[in-house]
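Heads up: the structure comes next, in structure tokens.
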Amino acid sequence: MDQLTTYAVTSLDGVAFGLLLFTVGAGLALIFGVMDIMNLAHGTLYLVGAYVAATLSGGGLLALGVALAVGLAVGAGGGAALSFVLRPLGREGSHLDEALVTLGIAFIAADGMTAAFGAAPMQTHVPTALEGSISLGIHAYPVYRLVFIGVAALVAVLLHVAVRRSTPGKMLRATISDPDMAAASGIDTGRVRTAALAVGGALAVGAGVLGAPLLGPGPGVDNTVLVLSLIVVVVGGAGSIPGTLLAALLVGQVQTIGVVTAPALAPFALFGAMLIVLVLRGRTTAVVAGRPA
Amino acid sequence: MLALSGCAGSSLGDDEGGAAEGPVNVGLMIPLSGPYKAIGEDLAKGWELYLSTHDGKFGGRKVNTIQIDEVDGRAAALNGAKKLVEKDNVVAIVGGVTADTTESVKQYVTEKKVPFVGTGGRPSTLTDLSYLWHASWLSVEPGRSVADYIRTTVNGPVYAIGPDYQGGYDNVNGFVEAFKAGGGQLANKDGKPKWTPWPATNNYLPFLNEIQATGAKAVFTFYAGTPAIEFVKQYKEAGLQGKIPLYASGFLTEGPVLQAQGPAADGVRSALNYASNLDNPANREFAMAYQKQHNNAPDVYNVTAWDSALILDRAIGAAGKNATAEKVNAEIGKLGAISSPRGDWRFGQNHSPIQPWYLREVQFDGRARANVLVQNLATLGS
């Protein structure tokens, strides 16, 4: 029984971590999967959010709210700025060019943040109201992570509905499937592209603000997040929100249950899981990847 | 005693006009970038504090410190050593946070007969020690020093857990071997320490849940850097803080990580060769001077760099006017007792310290959080 509770609590933690990856990954799915822009500065955006949280949130729910608002604004601004920087590369800009530009930005930003906040990882405060743990059987689980699960799940639902049902969502999908026809029917595709990048950026920075207590700010965190979110987007079949969610939850479980049950395999488990998913998908459906949400 | 000069004069440049002996060049090879940068900064602070309180001189000669970025201790360390020896003509190289740095430079400095004074981990693979010294510690020592204390204090099995790499094995096995030899029993299911994937995971909740299920009466661990912050914070989040005592190799709560761990670190007991409130004359002066300059308590990295400077000060002085690297190396071997903030120590046959170890506990006095001395442990080294 105790063993079962242990697995259940561990698996719950996998959900929390998975949803964190989903929030970041959904931003990347939007930018890379949907807009077809190779953004290697995505982990940097998360790190910015985590630093915003460490600097602004200090014990109160209001402070966290302020941090989140600032984070979302910074993220949207950052995403829009990326769109501006990448514009000279043209709409059909090659992935290599985009990768070089965004990677350069990521390097400069990472160094700047280390200079500004120091090389030591920073402490992030959980709002007092959400501090502490609740007991689940013999174990305790942090309240903040439970709340995070709720918030991130809500984000997932809202995002899905927005892309499927809202007018901006429809404009987005139209722009992806046929940019010329979309432009001809009066959609400002440049603006759609900027908006998509802004939303993607806001998701990454927002995830950083809320996720800082789970994966806190410090040098190197940007790379961790970038790699994990790339895996999520690839496994999720770039571009589909439900696919990204499933992939993120899978990665979350591999990183928790998988790591505990087979620690020796941990370094390979993630890529092993990715390999299996890709092979299976390659056999069953040929053209899932790239299909808009 | 220390001359606390207000004008802490730069250690670079400025020949003393008319002095009989010219300046002496010393290499300081520390991480200025990469994952260990925060530790590098602490080493630099200890080094600079020594120079600024000693008139910028070693053995009466002005010191030119030439800094090299060791990065991760691989190619950059060897290239840096070559530059220091061939271009800067240094009489000694101090530094190295990772064991890799010693590994990278050992052959080169030995061939060139330039002493290397290590300030961090030491690999267990060294054979020719003639020019290799470590002013720091052996990675097995923290755990070894506290094993008897834990065995006699904790009433029941202890769970051992650490990261899956050499530093983790050394630190945790140092404890486990001494603990078992005394008749102690591990709470781990298979009787062996648990190795967590490194660097693949920073999420320890799953492992902490397992610990809870084993009925352990205490936990012994080692982590450093970001993993140390995460482990300690999650130990609290999993509801284990205050429920199962957490013992550790001192690096878990030492230096930059402690502030980020915050209240979650309170009560963690760890073994290290330094505690900032040690009561000895050298530490009273050192800690006060450090506090005055940096407004926080010193840590073991500051002390190790301070001691390295102290060693070279004395060795260069003893080597006389025409101090060559080889002479300085010979003098390091003859130093005898070194009066350090960590208590008196001396180099043993292994060219590493024979030194006292301490049990500390993280306490918060309302203003700052520090590793406070609980009691003395064994003296280790040979």
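Order determines the names: the first chain of the structure tokens is A, the second B, and so forth; residues in each chain are numbered 1 upward, and ligands are numbered 1 upward as they are shown.
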
List as JSON lines every residue of range 61-173 of chain B that is in contact with range 247-263 of chain B, defined as an atom at most 12 Å from one of its atoms (using only C-alpha atoms), together with the nearest atom pair and the distance in Å rounded to one decimal, sorted by chain and then rising number.
{"residue": "B:Gly120", "atom": "CA", "partner": "B:Phe251", "partner_atom": "CA", "distance": 11.4}
{"residue": "B:Gly121", "atom": "CA", "partner": "B:Phe251", "partner_atom": "CA", "distance": 11.4}
{"residue": "B:Trp137", "atom": "CA", "partner": "B:Gly250", "partner_atom": "CA", "distance": 11.5}
{"residue": "B:Leu138", "atom": "CA", "partner": "B:Ser249", "partner_atom": "CA", "distance": 11.6}
{"residue": "B:Ser139", "atom": "CA", "partner": "B:Ser249", "partner_atom": "CA", "distance": 9.0}
{"residue": "B:Val140", "atom": "CA", "partner": "B:Ser249", "partner_atom": "CA", "distance": 9.2}
{"residue": "B:Glu141", "atom": "CA", "partner": "B:Ser249", "partner_atom": "CA", "distance": 8.7}
{"residue": "B:Pro142", "atom": "CA", "partner": "B:Ser249", "partner_atom": "CA", "distance": 5.2}
{"residue": "B:Gly143", "atom": "CA", "partner": "B:Ser249", "partner_atom": "CA", "distance": 5.7}
{"residue": "B:Arg144", "atom": "CA", "partner": "B:Ser249", "partner_atom": "CA", "distance": 9.3}
{"residue": "B:Ser145", "atom": "CA", "partner": "B:Ser249", "partner_atom": "CA", "distance": 9.4}
{"residue": "B:Val146", "atom": "CA", "partner": "B:Ser249", "partner_atom": "CA", "distance": 8.6}
{"residue": "B:Ala147", "atom": "CA", "partner": "B:Tyr247", "partner_atom": "CA", "distance": 9.9}
{"residue": "B:Tyr149", "atom": "CA", "partner": "B:Tyr247", "partner_atom": "CA", "distance": 10.5}
{"residue": "B:Ile150", "atom": "CA", "partner": "B:Tyr247", "partner_atom": "CA", "distance": 8.2}
{"residue": "B:Arg151", "atom": "CA", "partner": "B:Tyr247", "partner_atom": "CA", "distance": 11.5}
{"residue": "B:Thr153", "atom": "CA", "partner": "B:Tyr247", "partner_atom": "CA", "distance": 11.5}
{"residue": "B:Val154", "atom": "CA", "partner": "B:Tyr247", "partner_atom": "CA", "distance": 10.5}
{"residue": "B:Val158", "atom": "CA", "partner": "B:Tyr247", "partner_atom": "CA", "distance": 9.7}
{"residue": "B:Tyr159", "atom": "CA", "partner": "B:Tyr247", "partner_atom": "CA", "distance": 10.0}
{"residue": "B:Ala160", "atom": "CA", "partner": "B:Ala248", "partner_atom": "CA", "distance": 9.6}
{"residue": "B:Ile161", "atom": "CA", "partner": "B:Ala248", "partner_atom": "CA", "distance": 9.8}
{"residue": "B:Gly162", "atom": "CA", "partner": "B:Ala248", "partner_atom": "CA", "distance": 9.8}
{"residue": "B:Pro163", "atom": "CA", "partner": "B:Leu252", "partner_atom": "CA", "distance": 11.8}
{"residue": "B:Gly167", "atom": "CA", "partner": "B:Ser249", "partner_atom": "CA", "distance": 11.0}
{"residue": "B:Gly168", "atom": "CA", "partner": "B:Ser249", "partner_atom": "CA", "distance": 10.0}
{"residue": "B:Tyr169", "atom": "CA", "partner": "B:Ser249", "partner_atom": "CA", "distance": 11.8}
{"residue": "B:Asp170", "atom": "CA", "partner": "B:Ser249", "partner_atom": "CA", "distance": 10.4}
{"residue": "B:Asn171", "atom": "CA", "partner": "B:Ser249", "partner_atom": "CA", "distance": 6.7}
{"residue": "B:Val172", "atom": "CA", "partner": "B:Ser249", "partner_atom": "CA", "distance": 7.8}
{"residue": "B:Asn173", "atom": "CA", "partner": "B:Ser249", "partner_atom": "CA", "distance": 10.9}

Write out, as an mmCIF file, in the first residue's frame, the residues just selected, with N, CA and C atoms.
data_model
loop_
_atom_site.group_PDB
_atom_site.id
_atom_site.type_symbol
_atom_site.label_atom_id
_atom_site.label_comp_id
_atom_site.auth_asym_id
_atom_site.auth_seq_id
_atom_site.Cartn_x
_atom_site.Cartn_y
_atom_site.Cartn_z
ATOM 1 N N GLY B 120 40.456 22.752 -4.845
ATOM 2 C CA GLY B 120 39.172 22.051 -4.952
ATOM 3 C C GLY B 120 39.369 20.559 -4.863
ATOM 4 N N GLY B 121 38.463 19.826 -5.484
ATOM 5 C CA GLY B 121 38.502 18.369 -5.423
ATOM 6 C C GLY B 121 39.797 17.815 -5.978
ATOM 7 N N TRP B 137 40.886 19.429 0.479
ATOM 8 C CA TRP B 137 40.369 18.273 1.214
ATOM 9 C C TRP B 137 40.368 17.100 0.251
ATOM 10 N N LEU B 138 40.165 15.911 0.767
ATOM 11 C CA LEU B 138 39.871 14.762 -0.082
ATOM 12 C C LEU B 138 38.365 14.546 -0.028
ATOM 13 N N SER B 139 37.787 14.190 -1.164
ATOM 14 C CA SER B 139 36.321 14.128 -1.231
ATOM 15 C C SER B 139 35.719 13.081 -0.301
ATOM 16 N N VAL B 140 36.492 12.064 0.107
ATOM 17 C CA VAL B 140 35.932 11.040 1.000
ATOM 18 C C VAL B 140 35.906 11.518 2.453
ATOM 19 N N GLU B 141 36.619 12.606 2.756
ATOM 20 C CA GLU B 141 36.811 12.979 4.157
ATOM 21 C C GLU B 141 35.575 13.532 4.880
ATOM 22 N N PRO B 142 34.738 14.382 4.231
ATOM 23 C CA PRO B 142 33.590 14.908 4.977
ATOM 24 C C PRO B 142 32.730 13.777 5.556
ATOM 25 N N GLY B 143 32.384 12.811 4.695
ATOM 26 C CA GLY B 143 31.537 11.708 5.151
ATOM 27 C C GLY B 143 32.232 10.857 6.196
ATOM 28 N N ARG B 144 33.496 10.578 5.970
ATOM 29 C CA ARG B 144 34.258 9.744 6.887
ATOM 30 C C ARG B 144 34.309 10.384 8.281
ATOM 31 N N SER B 145 34.470 11.715 8.293
ATOM 32 C CA SER B 145 34.666 12.400 9.576
ATOM 33 C C SER B 145 33.428 12.358 10.468
ATOM 34 N N VAL B 146 32.252 12.240 9.845
ATOM 35 C CA VAL B 146 31.018 12.355 10.624
ATOM 36 C C VAL B 146 30.332 11.003 10.835
ATOM 37 N N ALA B 147 30.902 9.941 10.250
ATOM 38 C CA ALA B 147 30.239 8.624 10.284
ATOM 39 C C ALA B 147 30.010 8.135 11.714
ATOM 40 N N TYR B 149 29.871 9.818 14.499
ATOM 41 C CA TYR B 149 28.909 10.674 15.187
ATOM 42 C C TYR B 149 27.484 10.254 14.828
ATOM 43 N N ILE B 150 27.234 10.064 13.527
ATOM 44 C CA ILE B 150 25.883 9.707 13.089
ATOM 45 C C ILE B 150 25.494 8.330 13.636
ATOM 46 N N ARG B 151 26.438 7.386 13.612
ATOM 47 C CA ARG B 151 26.144 6.025 14.073
ATOM 48 C C ARG B 151 25.738 6.023 15.544
ATOM 49 N N THR B 153 24.642 8.692 17.306
ATOM 50 C CA THR B 153 23.580 9.644 17.640
ATOM 51 C C THR B 153 22.222 9.190 17.124
ATOM 52 N N VAL B 154 22.234 8.656 15.886
ATOM 53 C CA VAL B 154 20.967 8.283 15.264
ATOM 54 C C VAL B 154 20.587 6.884 15.727
ATOM 55 N N VAL B 158 20.191 4.434 8.496
ATOM 56 C CA VAL B 158 20.386 5.713 7.810
ATOM 57 C C VAL B 158 20.310 5.495 6.307
ATOM 58 N N TYR B 159 19.603 6.394 5.609
ATOM 59 C CA TYR B 159 19.478 6.294 4.150
ATOM 60 C C TYR B 159 20.565 7.138 3.493
ATOM 61 N N ALA B 160 21.336 6.521 2.592
ATOM 62 C CA ALA B 160 22.411 7.243 1.908
ATOM 63 C C ALA B 160 22.028 7.494 0.456
ATOM 64 N N ILE B 161 22.174 8.736 -0.001
ATOM 65 C CA ILE B 161 21.778 9.090 -1.372
ATOM 66 C C ILE B 161 22.704 10.172 -1.906
ATOM 67 N N GLY B 162 23.051 10.092 -3.192
ATOM 68 C CA GLY B 162 23.928 11.099 -3.785
ATOM 69 C C GLY B 162 23.898 11.033 -5.302
ATOM 70 N N PRO B 163 24.551 11.980 -5.958
ATOM 71 C CA PRO B 163 24.531 12.028 -7.416
ATOM 72 C C PRO B 163 25.449 10.976 -8.040
ATOM 73 N N GLY B 167 32.382 12.479 -7.834
ATOM 74 C CA GLY B 167 32.307 13.286 -6.615
ATOM 75 C C GLY B 167 31.241 12.761 -5.657
ATOM 76 N N GLY B 168 30.127 12.298 -6.223
ATOM 77 C CA GLY B 168 29.057 11.729 -5.412
ATOM 78 C C GLY B 168 29.499 10.441 -4.748
ATOM 79 N N TYR B 169 30.146 9.549 -5.527
ATOM 80 C CA TYR B 169 30.611 8.276 -4.952
ATOM 81 C C TYR B 169 31.578 8.544 -3.807
ATOM 82 N N ASP B 170 32.557 9.443 -4.037
ATOM 83 C CA ASP B 170 33.579 9.702 -3.023
ATOM 84 C C ASP B 170 32.950 10.217 -1.735
ATOM 85 N N ASN B 171 32.116 11.237 -1.863
ATOM 86 C CA ASN B 171 31.528 11.860 -0.679
ATOM 87 C C ASN B 171 30.621 10.896 0.092
ATOM 88 N N VAL B 172 29.737 10.208 -0.643
ATOM 89 C CA VAL B 172 28.761 9.355 0.034
ATOM 90 C C VAL B 172 29.419 8.058 0.508
ATOM 91 N N ASN B 173 30.269 7.460 -0.322
ATOM 92 C CA ASN B 173 30.936 6.229 0.102
ATOM 93 C C ASN B 173 31.891 6.473 1.269
#

Between chain B and chain A, at 7 Å or less, what are the per-residue closest atom pairs and their distances in Å? Count only C-alpha atoms, order by chain and rising residue number, and return it as a Markdown table.
| residue | atom | partner | partner_atom | distance |
| --- | --- | --- | --- | --- |
| B:Lys37 | CA | A:Ala119 | CA | 5.9 |
| B:Ala38 | CA | A:Ala119 | CA | 5.1 |
| B:Thr196 | CA | A:Pro263 | CA | 6.2 |
| B:Pro197 | CA | A:Pro263 | CA | 5.8 |
| B:Ala200 | CA | A:Pro267 | CA | 5.7 |
| B:Pro206 | CA | A:Thr10 | CA | 5.0 |
| B:Phe207 | CA | A:Val260 | CA | 6.5 |
| B:Asn209 | CA | A:Thr6 | CA | 5.8 |
| B:Glu210 | CA | A:Thr6 | CA | 6.5 |
| B:Ala213 | CA | A:Asp2 | CA | 6.6 |
| B:Thr226 | CA | A:Pro121 | CA | 6.5 |
| B:Glu237 | CA | A:Pro142 | CA | 5.3 |
| B:Ala238 | CA | A:Ala140 | CA | 5.0 |
| B:Gly239 | CA | A:Ala140 | CA | 5.2 |
| B:Pro256 | CA | A:Ala120 | CA | 6.0 |
| B:Val257 | CA | A:Ala120 | CA | 7.0 |
| B:Ala260 | CA | A:Gln123 | CA | 4.0 |
| B:Gln261 | CA | A:Gln123 | CA | 6.5 |

Export, as a short mmCIF file (atom, residue, chain, number, x, y, z; two decimals), in the first residue's frame, the selected residues with N, CA and C atoms.
data_model
loop_
_atom_site.label_atom_id
_atom_site.label_comp_id
_atom_site.auth_asym_id
_atom_site.auth_seq_id
_atom_site.Cartn_x
_atom_site.Cartn_y
_atom_site.Cartn_z
N LYS B 37 31.21 29.11 -11.67
CA LYS B 37 31.62 30.50 -11.58
C LYS B 37 31.45 31.08 -10.18
N ALA B 38 30.34 30.72 -9.51
CA ALA B 38 30.08 31.28 -8.17
C ALA B 38 31.18 30.88 -7.20
N THR B 196 21.40 9.05 -7.74
CA THR B 196 20.40 9.71 -8.58
C THR B 196 21.06 10.15 -9.88
N PRO B 197 20.31 10.05 -10.99
CA PRO B 197 20.89 10.38 -12.31
C PRO B 197 21.47 11.78 -12.30
N ALA B 200 21.01 14.37 -15.21
CA ALA B 200 19.70 14.22 -15.85
C ALA B 200 18.53 14.70 -15.00
N PRO B 206 10.62 12.30 -6.12
CA PRO B 206 10.39 10.85 -6.22
C PRO B 206 11.30 10.05 -5.28
N PHE B 207 12.56 10.46 -5.18
CA PHE B 207 13.50 9.74 -4.32
C PHE B 207 13.18 9.97 -2.85
N ASN B 209 10.29 10.54 -1.61
CA ASN B 209 9.12 9.73 -1.27
C ASN B 209 9.54 8.31 -0.90
N GLU B 210 10.51 7.79 -1.64
CA GLU B 210 11.01 6.44 -1.35
C GLU B 210 11.65 6.36 0.02
N ALA B 213 9.32 5.88 2.73
CA ALA B 213 8.75 4.54 2.79
C ALA B 213 9.69 3.52 3.44
N THR B 226 23.49 23.85 -8.00
CA THR B 226 22.03 23.89 -8.14
C THR B 226 21.36 22.64 -7.57
N GLU B 237 9.79 20.37 1.09
CA GLU B 237 8.48 20.25 0.43
C GLU B 237 7.88 18.86 0.59
N ALA B 238 8.75 17.85 0.66
CA ALA B 238 8.26 16.48 0.82
C ALA B 238 7.88 16.20 2.27
N GLY B 239 8.00 17.21 3.12
CA GLY B 239 7.59 17.05 4.51
C GLY B 239 8.61 16.33 5.37
N PRO B 256 27.52 29.96 -1.72
CA PRO B 256 26.45 30.61 -2.45
C PRO B 256 25.10 29.89 -2.38
N VAL B 257 25.12 28.55 -2.25
CA VAL B 257 23.85 27.82 -2.29
C VAL B 257 22.97 28.09 -1.07
N ALA B 260 20.18 30.69 -1.31
CA ALA B 260 19.09 30.28 -2.20
C ALA B 260 18.23 29.20 -1.56
N GLN B 261 18.82 28.39 -0.68
CA GLN B 261 18.04 27.35 -0.02
C GLN B 261 17.07 27.95 0.99
#

* Looking at B:Ser382, B:Thr127, B:Asn371, B:Ser276, which one is nearest to Gly348 in chain B, with distances taken over only C-alpha atoms? ->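 When distances to Gly348 in chain B are compared using only C-alpha atoms, the smallest one comes from B:Ser382.
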
* Asked: Hey, which of B:Asn155, B:Gln363, B:Asn64, B:Asn203 ends up closest to Lys233 in chain B? Count only C-alpha atoms.
  ->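 Looking only at the distances to Lys233 in chain B, the closest residue turns out to be B:Asn203.
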
Within 12 Å of range 160-169 of chain A, counting only C-alpha atoms, which residues qualify if same-chain residues fewer than 2 places away don't, as a PDB file with C-alpha atoms, in the first residue's frame?
ATOM      1  CA  THR A  23       3.237  25.538 -20.898  1.00  0.00           C
ATOM      2  CA  ALA A  26       3.059  25.069 -26.176  1.00  0.00           C
ATOM      3  CA  LEU A  30       3.196  27.848 -31.595  1.00  0.00           C
ATOM      4  CA  VAL A  34       2.799  26.412 -36.173  1.00  0.00           C
ATOM      5  CA  ALA A 153      -4.402  22.635 -16.890  1.00  0.00           C
ATOM      6  CA  LEU A 154      -6.608  25.697 -17.270  1.00  0.00           C
ATOM      7  CA  VAL A 155      -4.045  27.272 -19.607  1.00  0.00           C
ATOM      8  CA  ALA A 156      -4.070  24.114 -21.717  1.00  0.00           C
ATOM      9  CA  VAL A 157      -7.860  24.151 -22.082  1.00  0.00           C
ATOM     10  CA  LEU A 158      -8.009  27.887 -22.845  1.00  0.00           C
ATOM     11  CA  MET A 171      -6.870  33.575 -38.661  1.00  0.00           C
ATOM     12  CA  LEU A 172      -3.799  31.850 -37.285  1.00  0.00           C
ATOM     13  CA  ARG A 173      -4.744  28.513 -38.800  1.00  0.00           C
ATOM     14  CA  ALA A 174      -5.619  30.143 -42.097  1.00  0.00           C
ATOM     15  CA  THR A 175      -2.243  31.881 -42.213  1.00  0.00           C
ATOM     16  CA  ILE A 176      -0.439  28.605 -41.650  1.00  0.00           C
ATOM     17  CA  ILE A 187      -5.760  38.808 -43.105  1.00  0.00           C
ATOM     18  CA  ASP A 188      -2.651  40.767 -42.196  1.00  0.00           C
ATOM     19  CA  THR A 189      -0.319  37.760 -42.105  1.00  0.00           C
ATOM     20  CA  ARG A 191       0.605  40.829 -37.837  1.00  0.00           C
ATOM     21  CA  VAL A 192      -0.606  37.263 -37.259  1.00  0.00           C
ATOM     22  CA  ARG A 193       2.979  36.102 -37.263  1.00  0.00           C
ATOM     23  CA  ALA A 195       1.014  37.923 -32.583  1.00  0.00           C
ATOM     24  CA  ALA A 196       1.858  34.211 -32.603  1.00  0.00           C
ATOM     25  CA  VAL A 199       1.781  34.655 -27.432  1.00  0.00           C
ATOM     26  CA  GLY A 239       1.880  22.058 -33.947  1.00  0.00           C
ATOM     27  CA  SER A 240      -0.942  20.266 -32.190  1.00  0.00           C
ATOM     28  CA  ILE A 241      -1.959  21.496 -28.743  1.00  0.00           C
ATOM     29  CA  PRO A 242      -3.398  18.156 -27.539  1.00  0.00           C
ATOM     30  CA  GLY A 243      -0.327  16.389 -28.961  1.00  0.00           C
ATOM     31  CA  THR A 244       1.981  18.770 -27.124  1.00  0.00           C
ATOM     32  CA  LEU A 245       0.036  18.167 -23.913  1.00  0.00           C
ATOM     33  CA  PRO A 292      -1.985  22.793 -37.645  1.00  0.00           C
ATOM     34  CA  ALA A 293      -3.798  22.611 -34.372  1.00  0.00           C
TER      35      ALA A 293
END

* To do: Would you please give, as a PyMOL selection string, all residues of range 281-354 of chain B that DSSP assigns to alpha helix (DSSP H) based on the backbone?
  => chain B and resi 281-294+300-319+325-332

As a PDB file with C-alpha atoms, in the first residue's frame, which residues of range 39-165 of chain A does DSSP assign to strand (DSSP E)?
ATOM      1  CA  SER A 133       2.461  20.680   2.075  1.00  0.00           C
ATOM      2  CA  ILE A 134      -0.657  18.588   2.350  1.00  0.00           C
ATOM      3  CA  SER A 135      -0.389  15.004   3.375  1.00  0.00           C
ATOM      4  CA  LEU A 136      -1.233  12.236   0.968  1.00  0.00           C
ATOM      5  CA  HIS A 139       3.752  11.400   2.021  1.00  0.00           C
ATOM      6  CA  ALA A 140       3.505  15.139   1.862  1.00  0.00           C
ATOM      7  CA  TYR A 141       3.061  17.095  -1.346  1.00  0.00           C
ATOM      8  CA  PRO A 142       3.713  20.825  -1.783  1.00  0.00           C
TER       9      PRO A 142
END

* Contacts of range 285-296 of chain B within 9 Å, only C-alpha atoms, excl. fewer than 5 positions in-chain, as a list of chain:residue names ->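 Here the qualifying residues turn out to be B:Met1, B:Leu2, B:Leu4, B:Lys45, B:Gly46, B:Leu49, B:Tyr50, B:Thr53, B:Ser276, B:Asn277, B:Asn280, B:Asn302, B:Val303, B:Trp306, B:Ser340, B:Pro341, B:Ala368.
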
For the residues selected in the previous step, produce a file with C-alpha atoms as a PDB file, in the first residue's frame.
ATOM      1  CA  MET B   1      49.284  39.868  12.647  1.00  0.00           C
ATOM      2  CA  LEU B   2      47.170  41.290   9.893  1.00  0.00           C
ATOM      3  CA  LEU B   4      44.397  46.006   7.770  1.00  0.00           C
ATOM      4  CA  LYS B  45      37.579  36.937  -2.740  1.00  0.00           C
ATOM      5  CA  GLY B  46      39.667  34.870  -0.314  1.00  0.00           C
ATOM      6  CA  LEU B  49      41.501  39.515   0.956  1.00  0.00           C
ATOM      7  CA  TYR B  50      44.848  37.948   1.813  1.00  0.00           C
ATOM      8  CA  THR B  53      45.594  42.614   4.205  1.00  0.00           C
ATOM      9  CA  SER B 276      32.601  30.627   9.922  1.00  0.00           C
ATOM     10  CA  ASN B 277      32.266  30.930  13.738  1.00  0.00           C
ATOM     11  CA  ASN B 280      40.689  30.504  16.930  1.00  0.00           C
ATOM     12  CA  ASN B 302      37.344  31.839   0.780  1.00  0.00           C
ATOM     13  CA  VAL B 303      39.449  30.032   3.374  1.00  0.00           C
ATOM     14  CA  TRP B 306      43.329  32.472   1.707  1.00  0.00           C
ATOM     15  CA  SER B 340      44.688  28.835   9.166  1.00  0.00           C
ATOM     16  CA  PRO B 341      41.194  30.136   9.924  1.00  0.00           C
ATOM     17  CA  ALA B 368      21.548  35.843   8.337  1.00  0.00           C
TER      18      ALA B 368
END
